[in-house]
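Source file input00.pdb; content: PDB, C-alpha atoms and all ligand atoms.
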```pdb
ATOM      1  CA  MET A   1       0.000   0.000   0.000  1.00  0.00           C
ATOM      2  CA  GLN A   2       1.181   3.406  -0.835  1.00  0.00           C
ATOM      3  CA  SER A   3       1.371   5.892   1.905  1.00  0.00           C
ATOM      4  CA  VAL A   4       0.107   9.128   0.608  1.00  0.00           C
ATOM      5  CA  LYS A   5       1.601  11.500   3.030  1.00  0.00           C
ATOM      6  CA  TYR A   6       1.219  15.051   1.985  1.00  0.00           C
ATOM      7  CA  LYS A   7       3.154  16.313   4.901  1.00  0.00           C
ATOM      8  CA  SER A   8       6.693  16.957   3.906  1.00  0.00           C
ATOM      9  CA  LYS A   9       9.250  17.064   6.637  1.00  0.00           C
ATOM     10  CA  LYS A  10      10.898  19.965   4.986  1.00  0.00           C
ATOM     11  CA  LYS A  11       8.254  22.534   5.529  1.00  0.00           C
ATOM     12  CA  LEU A  12      10.170  25.712   5.754  1.00  0.00           C
ATOM     13  CA  HIS A  13       8.076  28.619   6.759  1.00  0.00           C
ATOM     14  CA  PRO A  14       9.151  32.084   5.803  1.00  0.00           C
ATOM     15  CA  THR A  15      10.354  34.169   8.690  1.00  0.00           C
ATOM     16  CA  ASP A  16       8.240  36.853  10.298  1.00  0.00           C
ATOM     17  CA  LYS A  17      10.425  39.406   8.644  1.00  0.00           C
ATOM     18  CA  GLU A  18       9.861  37.913   5.215  1.00  0.00           C
ATOM     19  CA  LEU A  19       6.135  37.858   5.800  1.00  0.00           C
ATOM     20  CA  ALA A  20       6.237  41.473   6.933  1.00  0.00           C
ATOM     21  CA  ASN A  21       8.209  42.422   3.833  1.00  0.00           C
ATOM     22  CA  PHE A  22       5.726  40.522   1.734  1.00  0.00           C
ATOM     23  CA  ILE A  23       2.875  42.518   3.225  1.00  0.00           C
ATOM     24  CA  ASP A  24       4.776  45.749   2.705  1.00  0.00           C
ATOM     25  CA  ASN A  25       5.573  44.728  -0.846  1.00  0.00           C
ATOM     26  CA  LYS A  26       9.295  44.913  -0.223  1.00  0.00           C
ATOM     27  CA  LEU A  27      10.302  41.495  -1.452  1.00  0.00           C
ATOM     28  CA  THR A  28      12.128  40.879  -4.675  1.00  0.00           C
ATOM     29  CA  SER A  29       9.979  39.215  -7.295  1.00  0.00           C
ATOM     30  CA  GLN A  30      11.922  36.003  -6.852  1.00  0.00           C
ATOM     31  CA  LYS A  31      11.344  35.876  -3.110  1.00  0.00           C
ATOM     32  CA  ARG A  32       7.780  36.893  -3.584  1.00  0.00           C
ATOM     33  CA  LYS A  33       7.204  34.016  -5.969  1.00  0.00           C
ATOM     34  CA  ARG A  34       8.737  31.565  -3.557  1.00  0.00           C
ATOM     35  CA  LEU A  35       6.635  32.879  -0.727  1.00  0.00           C
ATOM     36  CA  LEU A  36       3.472  32.689  -2.801  1.00  0.00           C
ATOM     37  CA  SER A  37       4.146  29.097  -3.733  1.00  0.00           C
ATOM     38  CA  HIS A  38       4.501  28.359  -0.044  1.00  0.00           C
ATOM     39  CA  LEU A  39       1.261  30.102   0.827  1.00  0.00           C
ATOM     40  CA  ILE A  40      -0.627  27.899  -1.614  1.00  0.00           C
ATOM     41  CA  TYR A  41      -0.352  25.000   0.780  1.00  0.00           C
ATOM     42  CA  CYS A  42       0.381  26.639   4.085  1.00  0.00           C
ATOM     43  CA  ASP A  43      -2.675  27.827   5.964  1.00  0.00           C
ATOM     44  CA  SER A  44      -0.768  28.863   9.027  1.00  0.00           C
ATOM     45  CA  CYS A  45       1.311  31.405   7.165  1.00  0.00           C
ATOM     46  CA  ILE A  46      -1.767  32.767   5.456  1.00  0.00           C
ATOM     47  CA  ASN A  47      -3.353  33.214   8.853  1.00  0.00           C
ATOM     48  CA  ILE A  48      -0.305  35.101  10.069  1.00  0.00           C
ATOM     49  CA  ILE A  49      -0.491  37.409   7.078  1.00  0.00           C
ATOM     50  CA  ILE A  50      -4.207  38.011   7.479  1.00  0.00           C
ATOM     51  CA  GLU A  51      -3.830  38.735  11.177  1.00  0.00           C
ATOM     52  CA  THR A  52      -0.946  41.067  10.553  1.00  0.00           C
ATOM     53  CA  ILE A  53      -2.908  42.995   7.950  1.00  0.00           C
ATOM     54  CA  ILE A  54      -5.954  43.214  10.193  1.00  0.00           C
ATOM     55  CA  ASN A  55      -3.876  44.382  13.134  1.00  0.00           C
ATOM     56  CA  SER A  56      -2.063  46.963  11.079  1.00  0.00           C
ATOM     57  CA  LYS A  57      -5.332  48.432   9.938  1.00  0.00           C
ATOM     58  CA  LYS A  58      -6.716  48.617  13.450  1.00  0.00           C
ATOM     59  CA  LYS A  59      -5.734  52.133  14.183  1.00  0.00           C
TER      60      LYS A  59
HETATM   61 ZN    ZN B 101       4.223  28.309   6.234  1.00  0.00          ZN
END
```
Can you present the structure in this file as structure tokens?
Amino acid sequence: MQSVKYKSKKKLHPTDKELANFIDNKLTSQKRKRLLSHLIYCDSCINIIIETIINSKKK
């Protein structure tokens, strides 16, 4: 039987700083692409981004 494990051990999350730069649109297009391809399958990072955006607009 094949084990269909979607979880890869090598799940590198971008750092907080990278996420912050992503939100501020300060990433290079290459980094931005890499981050986006991570966000496609990573809910937790998306949640961080959403929360950060919401918090930054709460003023
Ligand atoms: Zn992630």
Take the PyMOL selection byres (((not hetatm)) within 6 of (chain B and resi 101)), run it mentally on this structure, and tell me the resulting residues as a VMD selection string. chain A and resid 13 42 44 to 45
Per residue of stretch 35-55 of chain A within 10 Å of stretch 15-18 of chain A, note the shortest atom pair and the distance in Å to one decimal, counting only C-alpha atoms, and order the rows by chain and increasing residue number, as a Markdown table.
```
| residue | atom | partner | partner_atom | distance |
| --- | --- | --- | --- | --- |
| A:Leu35 | CA | A:Glu18 | CA | 8.4 |
| A:Cys45 | CA | A:Asp16 | CA | 9.4 |
| A:Ile48 | CA | A:Asp16 | CA | 8.7 |
| A:Ile49 | CA | A:Asp16 | CA | 9.3 |
```
Please provide as a PyMOL selection string all residues within 10 Å of A:Ile53, with the sequence filter that same-chain residues fewer than 4 positions apart are discarded (counting all atoms listed in the file). chain A and resi 20+23-24+47-49+57-58
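From atom CA of A:Gln30 back to atom CA of A:Glu51, the distance works out to 24.1 Å.
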Rounded to one decimal in Å, what is the spacing between atom CA of A:Ser29 and atom CA of A:Ser56?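 So the answer is 23.3 Å.
Going from atom CA of A:Leu12 over to atom CA of A:Ile54, you cover 24.2 Å.
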Compile the contact shell of A:Arg34 as an mmCIF file with C-alpha atoms, keeping the file's coordinate frame: residues with an atom at most 12 Å away, counting all atoms listed in the file, same-chain residues fewer than 2 positions apart removed.
```cif
data_model
loop_
_atom_site.group_PDB
_atom_site.id
_atom_site.type_symbol
_atom_site.label_atom_id
_atom_site.label_comp_id
_atom_site.auth_asym_id
_atom_site.auth_seq_id
_atom_site.Cartn_x
_atom_site.Cartn_y
_atom_site.Cartn_z
ATOM 1 C CA LEU A 12 10.170 25.712 5.754
ATOM 2 C CA HIS A 13 8.076 28.619 6.759
ATOM 3 C CA PRO A 14 9.151 32.084 5.803
ATOM 4 C CA GLU A 18 9.861 37.913 5.215
ATOM 5 C CA LEU A 19 6.135 37.858 5.800
ATOM 6 C CA PHE A 22 5.726 40.522 1.734
ATOM 7 C CA LEU A 27 10.302 41.495 -1.452
ATOM 8 C CA THR A 28 12.128 40.879 -4.675
ATOM 9 C CA SER A 29 9.979 39.215 -7.295
ATOM 10 C CA GLN A 30 11.922 36.003 -6.852
ATOM 11 C CA LYS A 31 11.344 35.876 -3.110
ATOM 12 C CA ARG A 32 7.780 36.893 -3.584
ATOM 13 C CA LEU A 36 3.472 32.689 -2.801
ATOM 14 C CA SER A 37 4.146 29.097 -3.733
ATOM 15 C CA HIS A 38 4.501 28.359 -0.044
ATOM 16 C CA LEU A 39 1.261 30.102 0.827
ATOM 17 C CA ILE A 40 -0.627 27.899 -1.614
#
```
Assuming 4 Å of padding per side, give the centre and edge lengths of the axis-aligned box around every listed atom of stretch 27-32 of chain A, in Å to one decimal and as lines of an AutoDock Vina configuration file.
```
center_x = 10.0
center_y = 38.7
center_z = -4.4
size_x = 12.3
size_y = 13.6
size_z = 13.8
```
Taking the partial coordinates given, rebuild stretch 27-59 of chain A to contain N, CA and C atoms; return it as a JSON list (two decimals), keeping the file's coordinate frame.
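Done, and the output landed in part-v2.json:
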```json
[["chain", "number", "residue", "atom", "x", "y", "z"],
["A", 27, "LEU", "N", 9.52, 42.67, -1.03],
["A", 27, "LEU", "CA", 10.30, 41.50, -1.45],
["A", 27, "LEU", "C", 10.69, 41.61, -2.92],
["A", 28, "THR", "N", 11.79, 40.97, -3.26],
["A", 28, "THR", "CA", 12.13, 40.88, -4.68],
["A", 28, "THR", "C", 11.12, 39.93, -5.33],
["A", 29, "SER", "N", 10.99, 40.04, -6.63],
["A", 29, "SER", "CA", 9.98, 39.22, -7.30],
["A", 29, "SER", "C", 10.27, 37.73, -7.12],
["A", 30, "GLN", "N", 11.55, 37.40, -7.03],
["A", 30, "GLN", "CA", 11.92, 36.00, -6.85],
["A", 30, "GLN", "C", 11.46, 35.48, -5.49],
["A", 31, "LYS", "N", 11.75, 36.27, -4.46],
["A", 31, "LYS", "CA", 11.34, 35.88, -3.11],
["A", 31, "LYS", "C", 9.84, 35.85, -2.99],
["A", 32, "ARG", "N", 9.23, 36.79, -3.63],
["A", 32, "ARG", "CA", 7.78, 36.89, -3.58],
["A", 32, "ARG", "C", 7.13, 35.65, -4.20],
["A", 33, "LYS", "N", 7.70, 35.22, -5.30],
["A", 33, "LYS", "CA", 7.20, 34.02, -5.97],
["A", 33, "LYS", "C", 7.33, 32.80, -5.07],
["A", 34, "ARG", "N", 8.51, 32.70, -4.42],
["A", 34, "ARG", "CA", 8.74, 31.56, -3.56],
["A", 34, "ARG", "C", 7.76, 31.58, -2.39],
["A", 35, "LEU", "N", 7.54, 32.77, -1.86],
["A", 35, "LEU", "CA", 6.64, 32.88, -0.73],
["A", 35, "LEU", "C", 5.21, 32.52, -1.14],
["A", 36, "LEU", "N", 4.82, 32.98, -2.32],
["A", 36, "LEU", "CA", 3.47, 32.69, -2.80],
["A", 36, "LEU", "C", 3.27, 31.19, -2.99],
["A", 37, "SER", "N", 4.29, 30.53, -3.51],
["A", 37, "SER", "CA", 4.15, 29.10, -3.73],
["A", 37, "SER", "C", 4.09, 28.35, -2.40],
["A", 38, "HIS", "N", 4.63, 28.95, -1.37],
["A", 38, "HIS", "CA", 4.50, 28.36, -0.04],
["A", 38, "HIS", "C", 3.09, 28.59, 0.50],
["A", 39, "LEU", "N", 2.57, 29.75, 0.28],
["A", 39, "LEU", "CA", 1.26, 30.10, 0.83],
["A", 39, "LEU", "C", 0.14, 29.25, 0.22],
["A", 40, "ILE", "N", 0.39, 28.72, -0.96],
["A", 40, "ILE", "CA", -0.63, 27.90, -1.61],
["A", 40, "ILE", "C", -1.01, 26.71, -0.73],
["A", 41, "TYR", "N", -0.03, 26.18, -0.04],
["A", 41, "TYR", "CA", -0.35, 25.00, 0.78],
["A", 41, "TYR", "C", -0.19, 25.23, 2.27],
["A", 42, "CYS", "N", 0.14, 26.43, 2.67],
["A", 42, "CYS", "CA", 0.38, 26.64, 4.08],
["A", 42, "CYS", "C", -0.64, 27.59, 4.70],
["A", 43, "ASP", "N", -1.63, 27.01, 5.36],
["A", 43, "ASP", "CA", -2.68, 27.83, 5.96],
["A", 43, "ASP", "C", -2.15, 28.67, 7.11],
["A", 44, "SER", "N", -1.20, 28.13, 7.84],
["A", 44, "SER", "CA", -0.77, 28.86, 9.03],
["A", 44, "SER", "C", -0.08, 30.17, 8.66],
["A", 45, "CYS", "N", 0.67, 30.16, 7.59],
["A", 45, "CYS", "CA", 1.31, 31.40, 7.16],
["A", 45, "CYS", "C", 0.28, 32.40, 6.63],
["A", 46, "ILE", "N", -0.71, 31.89, 5.94],
["A", 46, "ILE", "CA", -1.77, 32.77, 5.46],
["A", 46, "ILE", "C", -2.47, 33.43, 6.63],
["A", 47, "ASN", "N", -2.71, 32.65, 7.68],
["A", 47, "ASN", "CA", -3.35, 33.21, 8.85],
["A", 47, "ASN", "C", -2.50, 34.31, 9.48],
["A", 48, "ILE", "N", -1.20, 34.09, 9.51],
["A", 48, "ILE", "CA", -0.30, 35.10, 10.07],
["A", 48, "ILE", "C", -0.41, 36.39, 9.26],
["A", 49, "ILE", "N", -0.41, 36.23, 7.95],
["A", 49, "ILE", "CA", -0.49, 37.41, 7.08],
["A", 49, "ILE", "C", -1.82, 38.14, 7.28],
["A", 50, "ILE", "N", -2.89, 37.39, 7.30],
["A", 50, "ILE", "CA", -4.21, 38.01, 7.48],
["A", 50, "ILE", "C", -4.27, 38.75, 8.82],
["A", 51, "GLU", "N", -3.80, 38.09, 9.86],
["A", 51, "GLU", "CA", -3.83, 38.74, 11.18],
["A", 51, "GLU", "C", -2.97, 39.99, 11.21],
["A", 52, "THR", "N", -1.83, 39.90, 10.58],
["A", 52, "THR", "CA", -0.95, 41.07, 10.55],
["A", 52, "THR", "C", -1.60, 42.23, 9.83],
["A", 53, "ILE", "N", -2.24, 41.93, 8.72],
["A", 53, "ILE", "CA", -2.91, 43.00, 7.95],
["A", 53, "ILE", "C", -4.06, 43.59, 8.77],
["A", 54, "ILE", "N", -4.82, 42.72, 9.39],
["A", 54, "ILE", "CA", -5.95, 43.21, 10.19],
["A", 54, "ILE", "C", -5.44, 44.08, 11.34],
["A", 55, "ASN", "N", -4.40, 43.62, 12.01],
["A", 55, "ASN", "CA", -3.88, 44.38, 13.13],
["A", 55, "ASN", "C", -3.29, 45.71, 12.69],
["A", 56, "SER", "N", -2.69, 45.72, 11.53],
["A", 56, "SER", "CA", -2.06, 46.96, 11.08],
["A", 56, "SER", "C", -3.10, 47.98, 10.64],
["A", 57, "LYS", "N", -4.29, 47.50, 10.35],
["A", 57, "LYS", "CA", -5.33, 48.43, 9.94],
["A", 57, "LYS", "C", -6.21, 48.87, 11.12],
["A", 58, "LYS", "N", -5.95, 48.28, 12.25],
["A", 58, "LYS", "CA", -6.72, 48.62, 13.45],
["A", 58, "LYS", "C", -6.11, 49.84, 14.12],
["A", 59, "LYS", "N", -6.34, 50.96, 13.55],
["A", 59, "LYS", "CA", -5.73, 52.13, 14.18],
["A", 59, "LYS", "C", -6.74, 53.24, 14.33]]
```
